[in-house]
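For reference, work02.cif (mmCIF, C-alpha atoms):
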```cif
data_structure
loop_
_atom_site.group_PDB
_atom_site.id
_atom_site.type_symbol
_atom_site.label_atom_id
_atom_site.label_comp_id
_atom_site.auth_asym_id
_atom_site.auth_seq_id
_atom_site.Cartn_x
_atom_site.Cartn_y
_atom_site.Cartn_z
ATOM 1 C CA MET A 264 20.503 12.772 -5.546
ATOM 2 C CA VAL A 265 23.157 15.337 -4.685
ATOM 3 C CA MET A 266 24.652 16.972 -7.737
ATOM 4 C CA PRO A 267 25.484 20.559 -8.780
ATOM 5 C CA GLY A 268 22.605 22.901 -9.449
ATOM 6 C CA GLY A 269 20.907 26.145 -8.416
ATOM 7 C CA PRO A 270 17.659 28.066 -8.753
ATOM 8 C CA ASP A 271 17.029 29.664 -12.114
ATOM 9 C CA ASP A 272 15.978 32.995 -10.579
ATOM 10 C CA GLY A 273 19.111 33.344 -8.458
ATOM 11 C CA ALA A 274 17.042 33.722 -5.266
ATOM 12 C CA PRO A 275 19.150 33.253 -2.116
ATOM 13 C CA LEU A 276 18.662 30.123 -0.060
ATOM 14 C CA PRO A 277 17.604 30.531 3.586
ATOM 15 C CA ILE A 278 20.971 29.203 4.677
ATOM 16 C CA ALA A 279 23.928 31.240 5.891
ATOM 17 C CA PRO A 280 27.158 30.930 3.856
ATOM 18 C CA ASP A 281 28.880 29.589 6.984
ATOM 19 C CA ASP A 282 26.182 26.987 7.713
ATOM 20 C CA LEU A 283 27.786 23.555 7.993
ATOM 21 C CA ARG A 284 24.746 21.781 6.564
ATOM 22 C CA GLN A 285 25.670 18.085 6.604
ATOM 23 C CA LEU A 286 27.879 18.779 9.626
ATOM 24 C CA ALA A 287 25.041 20.147 11.760
ATOM 25 C CA ASP A 288 25.225 19.187 15.429
ATOM 26 C CA HIS A 289 23.132 16.227 16.552
ATOM 27 C CA ASP A 290 23.099 13.573 19.251
ATOM 28 C CA ALA A 291 22.574 10.508 17.061
ATOM 29 C CA ARG A 292 24.992 7.612 17.363
ATOM 30 C CA HIS A 293 26.489 5.517 14.607
ATOM 31 C CA ARG A 294 25.195 1.966 14.351
ATOM 32 C CA THR A 295 24.639 -0.723 11.733
ATOM 33 C CA PHE A 296 21.671 -2.741 10.514
ATOM 34 C CA ASP A 297 21.752 -5.991 8.591
ATOM 35 C CA GLY A 298 21.031 -5.433 4.908
ATOM 36 C CA GLY A 299 20.618 -7.883 2.084
ATOM 37 C CA ALA A 300 24.217 -7.434 0.920
ATOM 38 C CA GLY A 301 26.016 -6.528 4.137
ATOM 39 C CA PRO A 302 25.867 -4.022 7.002
ATOM 40 C CA LEU A 303 24.108 -0.696 6.552
ATOM 41 C CA THR A 304 25.485 2.244 8.518
ATOM 42 C CA ALA A 305 23.055 4.656 10.130
ATOM 43 C CA LEU A 306 22.692 7.517 12.563
ATOM 44 C CA ASP A 307 20.201 6.575 15.278
ATOM 45 C CA THR A 308 18.881 9.075 17.829
ATOM 46 C CA GLY A 309 17.595 6.235 20.005
ATOM 47 C CA GLY A 310 15.038 6.829 22.724
ATOM 48 C CA ASP A 311 11.540 5.424 23.032
ATOM 49 C CA GLY A 312 10.126 7.632 20.260
ATOM 50 C CA GLU A 313 6.805 8.216 22.003
ATOM 51 C CA ARG A 314 5.388 9.822 18.854
ATOM 52 C CA GLY A 315 6.842 7.249 16.474
ATOM 53 C CA THR A 316 9.918 6.200 14.538
ATOM 54 C CA VAL A 317 11.288 7.799 11.382
ATOM 55 C CA LEU A 318 13.532 6.182 8.745
ATOM 56 C CA LEU A 319 15.343 8.677 6.492
ATOM 57 C CA VAL A 320 16.882 7.425 3.233
ATOM 58 C CA ALA A 321 19.446 9.318 1.184
ATOM 59 C CA GLY A 322 19.490 9.821 -2.560
ATOM 60 C CA PHE A 323 22.046 9.082 -5.276
ATOM 61 C CA THR A 324 25.583 10.079 -4.105
ATOM 62 C CA GLY A 325 24.039 11.252 -0.833
ATOM 63 C CA SER A 326 24.267 9.931 2.714
ATOM 64 C CA LYS A 327 22.613 9.949 6.113
ATOM 65 C CA GLU A 328 24.249 13.313 6.848
ATOM 66 C CA ASP A 329 21.934 14.977 4.322
ATOM 67 C CA PHE A 330 19.355 14.858 7.122
ATOM 68 C CA ALA A 331 21.672 16.114 9.877
ATOM 69 C CA PRO A 332 19.810 19.415 10.460
ATOM 70 C CA LEU A 333 16.598 17.463 11.138
ATOM 71 C CA LEU A 334 17.923 14.865 13.590
ATOM 72 C CA ARG A 335 17.938 16.851 16.818
ATOM 73 C CA PRO A 336 14.648 18.724 16.119
ATOM 74 C CA LEU A 337 12.813 15.510 15.228
ATOM 75 C CA CYS A 338 14.133 13.821 18.348
ATOM 76 C CA THR A 339 13.038 16.813 20.450
ATOM 77 C CA ALA A 340 9.585 16.520 18.853
ATOM 78 C CA GLY A 341 9.283 12.988 20.237
ATOM 79 C CA TYR A 342 10.468 10.797 17.371
ATOM 80 C CA ARG A 343 13.182 8.197 17.238
ATOM 81 C CA VAL A 344 15.084 8.934 14.038
ATOM 82 C CA VAL A 345 17.254 6.652 11.927
ATOM 83 C CA ALA A 346 19.091 8.126 8.924
ATOM 84 C CA LEU A 347 20.609 5.542 6.607
ATOM 85 C CA ASP A 348 23.447 5.192 4.119
ATOM 86 C CA GLN A 349 22.179 2.837 1.436
ATOM 87 C CA ARG A 350 24.452 -0.001 0.327
ATOM 88 C CA GLY A 351 27.494 1.339 -1.494
ATOM 89 C CA GLN A 352 27.035 4.849 -0.082
ATOM 90 C CA PHE A 353 29.623 6.505 2.146
ATOM 91 C CA GLU A 354 29.953 4.279 5.239
ATOM 92 C CA SER A 355 27.827 1.356 4.030
ATOM 93 C CA PRO A 356 29.843 -1.171 1.997
ATOM 94 C CA GLY A 357 28.245 -2.596 -1.117
ATOM 95 C CA PRO A 358 28.701 -5.463 -3.575
ATOM 96 C CA ASP A 359 30.847 -5.116 -6.685
ATOM 97 C CA ASP A 360 28.014 -6.077 -9.027
ATOM 98 C CA PRO A 361 26.003 -3.082 -10.380
ATOM 99 C CA ALA A 362 22.978 -5.354 -10.763
ATOM 100 C CA ARG A 363 22.758 -5.561 -6.945
ATOM 101 C CA TYR A 364 21.677 -1.891 -6.789
ATOM 102 C CA SER A 365 18.201 -2.213 -8.295
ATOM 103 C CA VAL A 366 15.363 -0.392 -6.552
ATOM 104 C CA GLU A 367 13.926 -3.781 -5.614
ATOM 105 C CA GLU A 368 17.092 -4.908 -3.809
ATOM 106 C CA LEU A 369 17.614 -1.517 -2.187
ATOM 107 C CA GLY A 370 13.960 -1.458 -1.159
ATOM 108 C CA GLY A 371 14.469 -4.868 0.389
ATOM 109 C CA ASP A 372 17.185 -3.344 2.570
ATOM 110 C CA LEU A 373 14.676 -0.807 3.904
ATOM 111 C CA VAL A 374 12.154 -3.518 4.691
ATOM 112 C CA ALA A 375 14.904 -5.393 6.557
ATOM 113 C CA VAL A 376 15.766 -2.264 8.589
ATOM 114 C CA ALA A 377 12.091 -1.651 9.389
ATOM 115 C CA ARG A 378 11.745 -5.217 10.650
ATOM 116 C CA GLN A 379 14.853 -4.859 12.800
ATOM 117 C CA LEU A 380 13.435 -1.670 14.300
ATOM 118 C CA ARG A 381 10.214 -3.489 15.081
ATOM 119 C CA ALA A 382 12.191 -6.282 16.749
ATOM 120 C CA GLU A 383 13.776 -3.619 18.964
ATOM 121 C CA GLY A 384 10.338 -2.484 20.079
ATOM 122 C CA ALA A 385 9.840 0.394 17.653
ATOM 123 C CA GLY A 386 6.648 0.697 15.638
ATOM 124 C CA ALA A 387 6.416 0.727 11.861
ATOM 125 C CA PRO A 388 8.459 3.777 10.829
ATOM 126 C CA HIS A 389 7.466 6.809 8.859
ATOM 127 C CA LEU A 390 9.644 6.400 5.760
ATOM 128 C CA VAL A 391 11.219 9.448 4.077
ATOM 129 C CA GLY A 392 13.050 8.940 0.781
ATOM 130 C CA HIS A 393 14.995 11.804 -0.756
ATOM 131 C CA SER A 394 15.336 11.866 -4.559
ATOM 132 C CA PHE A 395 16.489 8.401 -5.696
ATOM 133 C CA GLY A 396 15.825 7.347 -2.113
ATOM 134 C CA GLY A 397 12.172 8.092 -2.822
ATOM 135 C CA LEU A 398 12.111 5.538 -5.641
ATOM 136 C CA VAL A 399 13.729 3.052 -3.284
ATOM 137 C CA GLY A 400 11.283 3.927 -0.517
ATOM 138 C CA ARG A 401 8.386 3.350 -2.884
ATOM 139 C CA ALA A 402 9.778 -0.086 -3.764
ATOM 140 C CA ALA A 403 10.004 -0.891 -0.049
ATOM 141 C CA VAL A 404 6.380 0.103 0.555
ATOM 142 C CA LEU A 405 5.228 -1.911 -2.460
ATOM 143 C CA ALA A 406 7.137 -4.937 -1.153
ATOM 144 C CA ASP A 407 5.703 -4.734 2.384
ATOM 145 C CA PRO A 408 3.113 -1.985 2.979
ATOM 146 C CA ALA A 409 2.537 -3.076 6.573
ATOM 147 C CA ALA A 410 6.169 -2.390 7.451
ATOM 148 C CA PHE A 411 5.684 1.400 7.195
ATOM 149 C CA THR A 412 3.288 3.914 8.715
ATOM 150 C CA SER A 413 3.664 6.469 5.941
ATOM 151 C CA LEU A 414 5.856 7.412 2.984
ATOM 152 C CA THR A 415 7.263 10.849 2.173
ATOM 153 C CA LEU A 416 8.644 11.370 -1.321
ATOM 154 C CA LEU A 417 11.047 14.283 -0.861
ATOM 155 C CA GLY A 418 12.207 15.726 -4.173
ATOM 156 C CA SER A 419 11.392 12.453 -5.907
ATOM 157 C CA GLY A 420 9.273 11.558 -8.915
ATOM 158 C CA PRO A 421 6.766 9.155 -10.401
ATOM 159 C CA SER A 422 9.223 7.394 -12.710
ATOM 160 C CA ARG A 423 12.680 7.615 -14.216
ATOM 161 C CA LEU A 424 14.742 10.775 -14.041
ATOM 162 C CA VAL A 425 14.932 12.825 -17.245
ATOM 163 C CA GLY A 426 16.492 16.116 -18.300
ATOM 164 C CA ASP A 427 19.810 17.832 -17.660
ATOM 165 C CA ARG A 428 20.857 15.600 -14.788
ATOM 166 C CA VAL A 429 20.549 12.520 -16.975
ATOM 167 C CA GLU A 430 22.740 14.186 -19.589
ATOM 168 C CA LEU A 431 25.325 14.834 -16.890
ATOM 169 C CA LEU A 432 25.205 11.178 -15.830
ATOM 170 C CA GLU A 433 25.750 10.132 -19.427
ATOM 171 C CA HIS A 434 28.850 12.326 -19.615
ATOM 172 C CA LEU A 435 30.210 10.947 -16.344
ATOM 173 C CA THR A 436 29.807 7.258 -17.189
ATOM 174 C CA PRO A 437 32.848 7.102 -19.522
ATOM 175 C CA LEU A 438 34.879 8.874 -16.833
ATOM 176 C CA LEU A 439 33.863 6.243 -14.301
ATOM 177 C CA ASP A 440 35.033 3.567 -16.732
ATOM 178 C CA ALA A 441 38.320 5.358 -17.410
ATOM 179 C CA GLY A 442 39.353 6.584 -13.976
ATOM 180 C CA GLY A 443 36.876 5.287 -11.430
ATOM 181 C CA VAL A 444 35.278 7.324 -8.680
ATOM 182 C CA PRO A 445 38.306 9.676 -8.265
ATOM 183 C CA LEU A 446 38.103 10.912 -11.861
ATOM 184 C CA VAL A 447 34.350 11.495 -11.601
ATOM 185 C CA HIS A 448 34.907 13.410 -8.376
ATOM 186 C CA GLU A 449 37.617 15.555 -9.939
ATOM 187 C CA THR A 450 35.348 16.391 -12.867
ATOM 188 C CA LEU A 451 32.429 17.334 -10.608
ATOM 189 C CA GLU A 452 34.747 19.507 -8.515
ATOM 190 C CA GLN A 453 35.801 21.402 -11.638
ATOM 191 C CA LEU A 454 32.163 21.817 -12.611
ATOM 192 C CA ALA A 455 31.259 23.074 -9.140
ATOM 193 C CA MET A 456 33.821 25.859 -9.463
ATOM 194 C CA THR A 457 31.637 27.384 -12.198
ATOM 195 C CA ASP A 458 28.599 27.438 -9.861
ATOM 196 C CA PRO A 459 28.439 30.496 -7.532
ATOM 197 C CA THR A 460 26.161 28.607 -5.119
ATOM 198 C CA ALA A 461 28.646 25.748 -4.801
ATOM 199 C CA GLN A 462 31.451 28.216 -4.161
ATOM 200 C CA GLN A 463 29.618 29.516 -1.076
ATOM 201 C CA VAL A 464 29.795 26.127 0.639
ATOM 202 C CA PRO A 465 32.246 26.405 3.560
ATOM 203 C CA GLU A 466 35.495 24.486 3.443
ATOM 204 C CA PRO A 467 34.666 21.969 6.217
ATOM 205 C CA THR A 468 31.517 20.970 4.358
ATOM 206 C CA ARG A 469 33.353 20.770 1.037
ATOM 207 C CA ALA A 470 35.946 18.511 2.655
ATOM 208 C CA PHE A 471 33.186 16.258 3.973
ATOM 209 C CA LEU A 472 31.441 16.122 0.589
ATOM 210 C CA SER A 473 34.714 15.116 -1.091
ATOM 211 C CA LYS A 474 35.392 12.416 1.487
ATOM 212 C CA ARG A 475 31.869 11.103 1.090
ATOM 213 C CA PHE A 476 31.888 11.027 -2.695
ATOM 214 C CA LEU A 477 35.228 9.236 -2.835
ATOM 215 C CA ALA A 478 33.823 6.575 -0.498
ATOM 216 C CA ASN A 479 31.060 5.692 -2.970
ATOM 217 C CA SER A 480 31.148 2.259 -4.550
ATOM 218 C CA ALA A 481 31.855 2.439 -8.290
ATOM 219 C CA ALA A 482 29.441 -0.437 -8.828
ATOM 220 C CA GLY A 483 26.882 1.421 -6.732
ATOM 221 C CA LEU A 484 27.195 4.562 -8.834
ATOM 222 C CA ARG A 485 26.702 2.533 -12.012
ATOM 223 C CA GLY A 486 23.842 0.462 -10.647
ATOM 224 C CA MET A 487 21.953 3.309 -9.002
ATOM 225 C CA ALA A 488 22.329 5.562 -12.046
ATOM 226 C CA ASP A 489 20.964 2.798 -14.237
ATOM 227 C CA ALA A 490 18.067 2.144 -11.860
ATOM 228 C CA MET A 491 17.247 5.832 -11.563
ATOM 229 C CA THR A 492 17.074 6.331 -15.323
ATOM 230 C CA ARG A 493 14.987 3.210 -16.006
ATOM 231 C CA GLU A 494 12.373 3.251 -13.231
ATOM 232 C CA PRO A 495 8.798 2.829 -14.534
ATOM 233 C CA ASP A 496 5.786 4.783 -13.321
ATOM 234 C CA ARG A 497 4.383 2.871 -10.326
ATOM 235 C CA VAL A 498 1.981 5.468 -8.982
ATOM 236 C CA ALA A 499 -1.103 3.269 -9.349
ATOM 237 C CA GLU A 500 0.611 0.446 -7.456
ATOM 238 C CA LEU A 501 1.485 2.809 -4.621
ATOM 239 C CA VAL A 502 -2.099 4.055 -4.395
ATOM 240 C CA ALA A 503 -3.290 0.465 -4.064
ATOM 241 C CA THR A 504 -1.199 -0.065 -0.893
ATOM 242 C CA GLY A 505 -3.272 2.437 1.064
ATOM 243 C CA VAL A 506 -0.155 3.791 2.775
ATOM 244 C CA PRO A 507 -0.472 7.561 3.431
ATOM 245 C CA VAL A 508 1.868 9.549 1.171
ATOM 246 C CA LEU A 509 3.308 13.051 1.289
ATOM 247 C CA VAL A 510 4.868 14.588 -1.819
ATOM 248 C CA ALA A 511 7.200 17.452 -0.863
ATOM 249 C CA HIS A 512 9.838 19.275 -2.870
ATOM 250 C CA GLY A 513 11.763 22.496 -3.195
ATOM 251 C CA ALA A 514 10.117 25.334 -5.073
ATOM 252 C CA ALA A 515 13.019 25.340 -7.552
ATOM 253 C CA ASP A 516 13.637 21.574 -7.774
ATOM 254 C CA ASP A 517 15.924 20.918 -10.727
ATOM 255 C CA ALA A 518 15.703 17.109 -10.773
ATOM 256 C CA TRP A 519 12.103 15.942 -11.150
ATOM 257 C CA THR A 520 10.253 19.149 -11.992
ATOM 258 C CA PRO A 521 7.800 20.711 -9.534
ATOM 259 C CA ALA A 522 5.053 20.207 -12.134
ATOM 260 C CA ALA A 523 5.816 16.481 -12.424
ATOM 261 C CA GLN A 524 5.760 16.098 -8.652
ATOM 262 C CA GLU A 525 2.520 18.053 -8.333
ATOM 263 C CA ASP A 526 0.914 15.785 -10.933
ATOM 264 C CA MET A 527 2.213 12.726 -9.084
ATOM 265 C CA ALA A 528 0.645 13.992 -5.852
ATOM 266 C CA ARG A 529 -2.660 14.509 -7.620
ATOM 267 C CA ARG A 530 -2.636 10.975 -9.031
ATOM 268 C CA LEU A 531 -1.693 9.583 -5.625
ATOM 269 C CA GLY A 532 -4.399 11.563 -3.853
ATOM 270 C CA ALA A 533 -1.524 12.624 -1.592
ATOM 271 C CA ARG A 534 -0.756 15.743 0.383
ATOM 272 C CA HIS A 535 1.468 18.067 -1.658
ATOM 273 C CA GLU A 536 3.841 20.593 -0.089
ATOM 274 C CA VAL A 537 6.162 23.052 -1.845
ATOM 275 C CA ILE A 538 9.115 24.134 0.303
ATOM 276 C CA PRO A 539 10.172 27.707 -0.464
ATOM 277 C CA GLY A 540 13.789 28.731 -0.734
ATOM 278 C CA ALA A 541 14.837 25.177 -1.569
ATOM 279 C CA ILE A 542 16.070 23.450 -4.701
ATOM 280 C CA HIS A 543 16.553 19.682 -4.589
ATOM 281 C CA SER A 544 17.633 19.127 -0.973
ATOM 282 C CA PRO A 545 15.078 20.806 1.311
ATOM 283 C CA ALA A 546 16.401 19.106 4.458
ATOM 284 C CA ILE A 547 19.614 21.119 4.217
ATOM 285 C CA GLU A 548 18.387 24.101 2.171
ATOM 286 C CA ASN A 549 15.369 24.976 4.325
ATOM 287 C CA PRO A 550 15.388 22.725 7.406
ATOM 288 C CA PRO A 551 12.801 24.675 9.443
ATOM 289 C CA ARG A 552 10.107 24.461 6.778
ATOM 290 C CA THR A 553 10.959 20.859 5.930
ATOM 291 C CA LEU A 554 10.647 19.966 9.616
ATOM 292 C CA ALA A 555 7.274 21.704 9.904
ATOM 293 C CA VAL A 556 5.921 19.941 6.812
ATOM 294 C CA LEU A 557 6.971 16.515 8.073
ATOM 295 C CA LEU A 558 5.634 17.009 11.592
ATOM 296 C CA ASP A 559 2.295 18.252 10.313
ATOM 297 C CA PHE A 560 1.929 15.297 7.947
ATOM 298 C CA TRP A 561 2.801 12.715 10.579
ATOM 299 C CA ALA A 562 0.408 14.305 13.064
ATOM 300 C CA ALA A 563 -2.374 14.078 10.473
ATOM 301 C CA VAL A 564 -1.532 10.424 9.821
ATOM 302 C CA ALA A 565 -1.696 9.679 13.546
ATOM 303 C CA THR A 566 -5.035 11.474 13.878
ATOM 304 C CA ALA A 567 -6.468 9.574 10.916
ATOM 305 C CA GLY A 568 -5.247 6.318 12.416
ATOM 306 C CA ARG A 569 -6.906 7.015 15.754
ATOM 307 C CA SER A 570 -10.144 7.956 14.009
ATOM 308 C CA ALA A 571 -10.087 4.694 12.067
ATOM 309 C CA GLU A 572 -9.518 2.729 15.271
ATOM 310 C CA ASP A 573 -12.384 4.514 17.000
ATOM 311 C CA ALA A 574 -14.699 3.861 14.062
ATOM 312 C CA GLY A 575 -13.742 0.185 14.117
ATOM 313 C CA ALA A 576 -14.460 -0.069 17.823
ATOM 314 C CA LEU A 577 -17.981 1.267 17.267
ATOM 315 C CA ARG A 578 -18.868 -1.355 14.661
#
```
Please render this file's structure as structure tokens.
Amino acid sequence: MVMPGGPDDGAPLPIAPDDLRQLADHDARHRTFDGGAGPLTALDTGGDGERGTVLLVAGFTGSKEDFAPLLRPLCTAGYRVVALDQRGQFESPGPDDPARYSVEELGGDLVAVARQLRAEGAGAPHLVGHSFGGLVGRAAVLADPAAFTSLTLLGSGPSRLVGDRVELLEHLTPLLDAGGVPLVHETLEQLAMTDPTAQQVPEPTRAFLSKRFLANSAAGLRGMADAMTREPDRVAELVATGVPVLVAHGAADDAWTPAAQEDMARRLGARHEVIPGAIHSPAIENPPRTLAVLLDFWAAVATAGRSAEDAGALR
């Protein structure tokens, strides 16, 4: 989820004021995958991915570009990386029915992408879901655990979103009804002008964020907001899949609280990583640490997998 917010203590982010964030240089190419409701647009680094394949999924009002600072480093580290716009987000068209944006349907899209990657010769991807994308990623793993090597919940939670961000969504819903996506965008722009952190974002990035938000499907905004605020706790179901899980979040996350995510990690028996100097979007707020956390987790998953294979061969 990408919405206004900042750390309570006013600590500076490890990002220069002129950093282009979502406009970071990368070598990935645009391509599409077949989703359950139409084409899904992605950035794909290609290559043989000798260390594996990674599927990155954006959150509510986000897009594939929220992972732009990670694309080139992950590719250099030996991974093929695919960053995805979910249906109704930015460059992926979506249906006009809000009911078609449930976590189950969106999760089905991820399973479809994973299967297409496998058909292209890639292995089961490491799945990374940011914020609402984490809820969707969890639904995908529950639907087909074998389709994914691991799951990272990045700034996501065990169940529905609560707190200030839900109150903001409730205020924006009547605006969506009255003036569509443009009126919601105008209102959020006015709100951002009261946030010193938002005012530091450079103009090229602000122009991109405006273009992206205005490209959102109105039905998608309604459907995803509804899904995000109604999602039940499915931690026990995720544990039962046996898929390795990483819970990672910014130290000052203002969506699902750090305490809620720490408790979720404990109940999952999952690795838990706190990313310093980050709020709700570690991939653009502290890319170096986010990269290190992901690479370390995936290396551990690979090592555990090899150990399991060796143990099986000895039986």
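If you measure from each of A:Val508, A:Leu435, A:Gln462, A:Arg350 to Thr450 in chain A using only C-alpha atoms, the closest one turns out to be A:Leu435.
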For the PyMOL selection byres ((chain A and resi 296) around 12), applied here, can you spell out every residue it catches as an MDAnalysis selection string?
chainID A and resid 293:295 297:307 345:350 355:356 372:380 382:383
Using only C-alpha atoms, which of A:Arg428, A:Ala518, A:Ser394, A:Ile542 sits nearest Thr460 in chain A?
A:Ile542
List as a tab-separated table every residue of range 419-519 of chain A that is in contact with range 549-555 of chain A, defined as an atom at most 12 Å from one of its atoms (using all atoms listed in the file), together with the nearest atom pair and the distance in Å rounded to one decimal, sorted by chain and then rising number.
```
residue	atom	partner	partner_atom	distance
A:Leu509	CA	A:Thr553	CA	11.9
A:Val510	CA	A:Thr553	CA	11.7
A:Ala511	CA	A:Thr553	CA	8.5
A:His512	CA	A:Thr553	CA	9.0
A:Gly513	CA	A:Asn549	CA	8.7
A:Ala514	CA	A:Asn549	CA	10.8
```
Minimum-distance residue to Glu536 in chain A, chosen among A:Leu319, A:Leu417, A:Ala409, A:Leu451 (using all atoms listed in the file):
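Distance minimum relative to Glu536 in chain A lands on A:Leu417.
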The PyMOL selection byres ((chain A and resi 321) around 10) applied to the shown file, residues as a count of residues only:
28
I would like the residues chosen by the PyMOL selection byres ((chain A and resi 485) around 10) on the shown file; could you give them as an NGL selection string?
:A and (360-362 or 364 or 432 or 436 or 439-440 or 480-484 or 486-490)
Please provide the set of residues having any atom within 10 Å of Val498 in chain A, restricted to all atoms listed in the file, with same-chain residues fewer than 6 positions apart removed, written as a list in words.
Arg401, Gly420, Pro421, Ser422, Met527, Ala528, Arg530 and Leu531 of chain A
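Here CA of Ala340 in chain A and CA of Val506 in chain A stand 22.7 Å from one another.
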